[in-house]
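As provided, input_34.cif (mmCIF, C-alpha atoms) reads as follows.
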data_input
loop_
_atom_site.label_atom_id
_atom_site.label_comp_id
_atom_site.auth_asym_id
_atom_site.auth_seq_id
_atom_site.Cartn_x
_atom_site.Cartn_y
_atom_site.Cartn_z
CA MET A 525 -11.97 4.77 0.96
CA LYS A 526 -9.42 2.33 -0.40
CA LEU A 527 -5.92 2.63 1.03
CA LEU A 528 -2.83 0.80 -0.22
CA ILE A 529 0.56 0.30 1.41
CA ILE A 530 3.58 -0.70 -0.67
CA ASN A 531 6.36 -2.68 0.96
CA GLY A 532 9.40 -1.38 -0.90
CA SER A 533 11.77 -3.96 0.55
CA PRO A 534 12.87 -6.83 -1.66
CA ARG A 535 13.71 -8.90 1.45
CA LYS A 536 11.45 -11.78 2.51
CA THR A 537 12.27 -11.00 6.13
CA GLY A 538 13.04 -7.70 7.75
CA ARG A 539 11.53 -4.78 9.54
CA THR A 540 9.94 -3.03 6.56
CA ARG A 541 7.90 -6.11 5.72
CA LEU A 542 6.97 -6.51 9.41
CA ALA A 543 5.87 -2.86 9.60
CA VAL A 544 3.79 -3.10 6.42
CA LYS A 545 2.13 -6.30 7.60
CA SER A 546 1.26 -4.74 10.99
CA ILE A 547 -0.09 -1.54 9.42
CA SER A 548 -2.09 -3.28 6.69
CA GLU A 549 -3.72 -5.60 9.22
CA LYS A 550 -4.48 -2.89 11.80
CA TYR A 551 -6.01 -0.50 9.25
CA SER A 552 -7.52 -3.10 6.86
CA MET A 553 -5.40 -1.90 3.96
CA GLU A 554 -4.49 -3.69 0.78
CA SER A 555 -0.74 -4.19 0.41
CA ILE A 556 1.72 -4.78 -2.39
CA ASP A 557 4.81 -6.62 -1.17
CA LEU A 558 7.77 -6.16 -3.50
CA SER A 559 9.45 -9.20 -1.94
CA GLU A 560 6.60 -11.27 -3.39
CA VAL A 561 5.57 -9.33 -6.50
CA VAL A 562 8.66 -9.74 -8.61
CA LEU A 563 8.81 -7.03 -11.24
CA PRO A 564 11.14 -7.04 -14.21
CA LEU A 565 13.84 -4.39 -14.25
CA PHE A 566 12.19 -1.38 -15.88
CA ASN A 567 13.64 -0.65 -19.31
CA GLY A 568 10.80 1.26 -20.99
CA ASP A 569 10.07 -1.53 -23.45
CA VAL A 570 6.38 -1.69 -24.45
CA SER A 571 6.32 -5.47 -23.91
CA GLN A 572 6.74 -4.93 -20.15
CA LYS A 573 3.25 -3.42 -20.00
CA GLN A 574 1.82 -6.94 -20.42
CA ASP A 575 3.79 -8.46 -17.53
CA LEU A 576 1.33 -9.84 -14.94
CA ALA A 577 3.28 -8.44 -11.97
CA VAL A 578 3.36 -4.99 -13.61
CA LEU A 579 -0.39 -5.15 -14.28
CA LYS A 580 -1.06 -6.20 -10.67
CA LEU A 581 0.95 -3.23 -9.38
CA GLN A 582 -0.68 -0.78 -11.78
CA ASN A 583 -4.21 -1.99 -10.96
CA ALA A 584 -3.60 -1.79 -7.22
CA VAL A 585 -2.22 1.76 -7.40
CA LYS A 586 -4.85 2.94 -9.89
CA SER A 587 -7.72 1.71 -7.70
CA ALA A 588 -6.28 3.09 -4.43
CA ASP A 589 -7.54 6.40 -3.08
CA GLY A 590 -4.53 6.92 -0.79
CA ILE A 591 -1.13 5.23 -0.63
CA ILE A 592 1.76 4.67 1.76
CA PHE A 593 5.28 4.08 0.46
CA ALA A 594 7.35 2.11 2.97
CA SER A 595 11.01 1.53 2.27
CA PRO A 596 14.23 0.63 4.02
CA GLU A 597 17.02 3.10 3.53
CA TYR A 598 19.65 1.56 1.27
CA HIS A 599 22.79 3.63 0.67
CA GLY A 600 21.06 6.91 1.43
CA ALA A 601 17.94 6.35 -0.69
CA MET A 602 14.76 4.34 -1.02
CA SER A 603 15.21 0.73 -2.05
CA GLY A 604 15.92 -0.04 -5.68
CA ALA A 605 12.88 -2.33 -5.64
CA LEU A 606 10.56 0.56 -4.78
CA LYS A 607 12.17 2.90 -7.31
CA ASN A 608 11.85 0.21 -9.98
CA ALA A 609 8.17 -0.27 -9.11
CA LEU A 610 7.51 3.47 -9.32
CA ASP A 611 9.18 3.57 -12.74
CA PHE A 612 6.29 1.42 -14.03
CA LEU A 613 3.81 4.07 -12.85
CA GLY A 614 3.22 7.50 -14.33
CA SER A 615 1.37 10.57 -13.20
CA GLU A 616 -1.94 9.05 -14.35
CA TYR A 617 -1.67 6.72 -11.34
CA PHE A 618 -0.79 9.40 -8.79
CA ALA A 619 -2.04 12.85 -9.86
CA ASN A 620 -3.23 14.62 -6.68
CA LYS A 621 -3.51 11.30 -4.84
CA PRO A 622 -2.43 11.48 -1.17
CA VAL A 623 0.79 9.59 -0.41
CA SER A 624 2.35 9.09 3.03
CA LEU A 625 5.93 8.00 3.66
CA ILE A 626 7.56 5.55 6.06
CA ALA A 627 11.28 4.75 6.15
CA VAL A 628 12.75 1.87 8.10
CA ALA A 629 16.30 2.53 9.24
CA GLY A 630 19.06 0.98 11.27
CA GLY A 631 18.94 3.70 13.89
CA GLY A 632 20.60 7.01 14.60
CA LYS A 633 20.14 9.45 11.74
CA GLY A 634 19.07 6.86 9.18
CA GLY A 635 15.89 7.11 7.15
CA ILE A 636 15.72 10.80 6.31
CA ASN A 637 17.43 10.35 2.94
CA ALA A 638 15.01 7.59 1.96
CA LEU A 639 12.10 9.85 2.96
CA ASN A 640 13.48 12.73 0.91
CA ASN A 641 14.08 10.40 -2.03
CA MET A 642 10.52 9.03 -1.88
CA ARG A 643 9.13 12.56 -1.51
CA THR A 644 11.00 13.82 -4.58
CA THR A 645 9.92 10.84 -6.66
CA GLY A 646 6.31 11.12 -5.47
CA ARG A 647 6.21 14.81 -6.35
CA SER A 648 7.59 14.07 -9.81
CA LEU A 649 4.64 11.67 -10.26
CA TYR A 650 2.29 14.56 -9.27
CA ALA A 651 1.26 12.81 -6.04
CA ASN A 652 0.17 14.88 -3.07
CA VAL A 653 2.99 13.75 -0.78
CA LEU A 654 1.83 14.56 2.74
CA PRO A 655 3.80 16.40 5.43
CA LYS A 656 3.70 13.71 8.14
CA GLN A 657 6.43 11.12 7.67
CA ILE A 658 7.89 8.44 9.92
CA VAL A 659 11.25 6.78 10.44
CA LEU A 660 11.02 3.42 12.21
CA ASP A 661 14.16 2.39 14.11
CA PRO A 662 15.03 -1.04 15.53
CA THR A 663 13.64 -0.04 18.94
CA ASP A 664 10.19 0.40 17.38
CA PHE A 665 9.84 -3.37 16.84
CA ASP A 666 9.00 -6.31 19.07
CA TYR A 667 10.68 -9.10 17.13
CA TYR A 668 9.38 -11.86 19.38
CA ASN A 669 5.72 -10.92 18.83
CA GLN A 670 6.34 -9.63 15.28
CA GLN A 671 4.75 -6.22 15.86
CA LEU A 672 5.41 -2.53 16.25
CA VAL A 673 5.77 -1.02 19.73
CA ASN A 674 6.49 2.16 21.64
CA ASP A 675 5.83 5.56 20.12
CA ALA A 676 5.78 3.99 16.65
CA LEU A 677 2.16 2.98 17.14
CA ASP A 678 1.14 6.53 18.11
CA ASN A 679 3.11 8.00 15.20
CA ILE A 680 1.46 5.62 12.76
CA ASP A 681 -1.97 6.52 14.15
CA ARG A 682 -1.20 10.20 13.47
CA LEU A 683 0.10 9.39 9.98
CA MET A 684 -3.07 7.40 9.25
CA THR A 685 -5.29 10.21 10.55
CA GLU A 686 -3.56 12.63 8.16
CA LEU A 687 -3.73 10.20 5.23
CA LYS A 688 -7.44 9.56 5.78
CA MET A 689 -8.17 13.29 6.09
CA TYR A 690 -6.39 14.12 2.82
CA THR A 691 -7.92 11.08 1.12
CA ASP A 692 -11.41 12.22 2.13
CA PHE A 693 -10.66 15.61 0.60
CA PHE A 694 -9.24 13.97 -2.55
CA LEU A 695 -12.41 11.87 -2.94
CA LEU A 696 -14.65 14.93 -2.45
CA GLN A 697 -12.72 16.77 -5.15
CA GLU A 698 -13.04 13.81 -7.53
CA GLU A 699 -16.80 13.67 -6.93
CA LYS A 700 -17.07 17.41 -7.52
CA GLU A 701 -15.16 17.11 -10.82
CA GLU A 702 -17.41 14.23 -11.97
CA VAL A 703 -20.54 16.32 -11.34
CA GLN A 704 -19.23 19.25 -13.38
#

As C-alpha cells, please, write out the structure in this file.
Amino acid sequence: MKLLIINGSPRKTGRTRLAVKSISEKYSMESIDLSEVVLPLFNGDVSQKQDLAVLKLQNAVKSADGIIFASPEYHGAMSGALKNALDFLGSEYFANKPVSLIAVAGGGKGGINALNNMRTTGRSLYANVLPKQIVLDPTDFDYYNQQLVNDALDNIDRLMTELKMYTDFFLLQEEKEEVQ
C-alpha cells in the first residue's frame, strides 16, 4: 500500500508543513510539499504537461493508492497552491481512490470551509473522499519540539485507520477488475 500526503501550503514554515512532516514520518508516507515543488500557474496550455514539477506531481499521485490533502484555510477555502496543483490532475489520477482531508486553521471555527472546499474538489475529480476529516488548531502543535500533540495524534491515528481500510478495499477492487 502506497500512501501519499500533499502539503497544500506554499509557506516554507508553518503548521501545515509541520503536520505533513510529522504524519509522513510516523506513517512512512511519501509526501509532496507545494512549498518546495513549485508548479506553474495552471492555464490549460499543453506545454505545461512537460514541466518537471507537474510530471513529479502527476507521477506521485498516479502511483499512490491512497492520498491525504492537507491545507491551511485561506480566506474560507483551501490554499491556492493546492487548488492549482489539483488543476493539473484529472479524474484519471483519482477515480475511486481514497482521499482523506486535513485542514490547519488559526483556531475557533476555522478549517471547515477548507475541508468542504477540498471535499467538493475531490468529488469532482471522482475521488472517494472519506468521511473522517480533521481540523488542526494551534493548540495541536508543540512548536518547540516541532511535532503534533494532544488529541491531534489520536485523531490522526483514526484518520489513518480509515484511510488504510478504504485503501485496502480499493486495492482489492483493482485486483478483482484486473482478473476479469

Write out as a compact mmCIF listing (two decimals) with C-alpha atoms, in the coordinates of the input each polymer residue whose atoms come within 7 Å of A:Tyr650, counting all atoms listed in the file; drop sequence neighbours fewer than 2 positions from it.
# COMPACT_ATOMS: atom_id res chain seq x y z
CA SER A 615 1.37 10.57 -13.20
CA PHE A 618 -0.79 9.40 -8.79
CA ALA A 619 -2.04 12.85 -9.86
CA ASN A 620 -3.23 14.62 -6.68
CA GLY A 646 6.31 11.12 -5.47
CA ARG A 647 6.21 14.81 -6.35
CA SER A 648 7.59 14.07 -9.81
CA ASN A 652 0.17 14.88 -3.07

I need the residue nearest A:Thr540 from this list: A:Met553, A:Ala627, A:Leu613, A:Val561. Use only C-alpha atoms for the distance.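 Once distances to A:Thr540 are computed over only C-alpha atoms, the minimum belongs to A:Ala627.
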
Here is a test: counting only C-alpha atoms, which residue of A:Val673, A:Leu563, A:Val623, A:Ile636 is nearest to A:Lys688?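 Looking only at the distances to A:Lys688, the closest residue turns out to be A:Val623.
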
Two-atom distance - atom CA of A:Ala588, atom CA of A:Glu699 (Å): 15.1 Å

Could you work out an axis-aligned bounding box for all listed atoms of stretch 678-687 of chain A, with 8 Å added on each of the six sides, and give its centre and edge lengths in Å to one decimal, as JSON?
{"center_x": -1.1, "center_y": 9.1, "center_z": 11.7, "size_x": 24.4, "size_y": 23.0, "size_z": 28.9}

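Atom CA of A:Asp661 to atom CA of A:Leu528 spans 22.3 Å [interatomic distance, one decimal].
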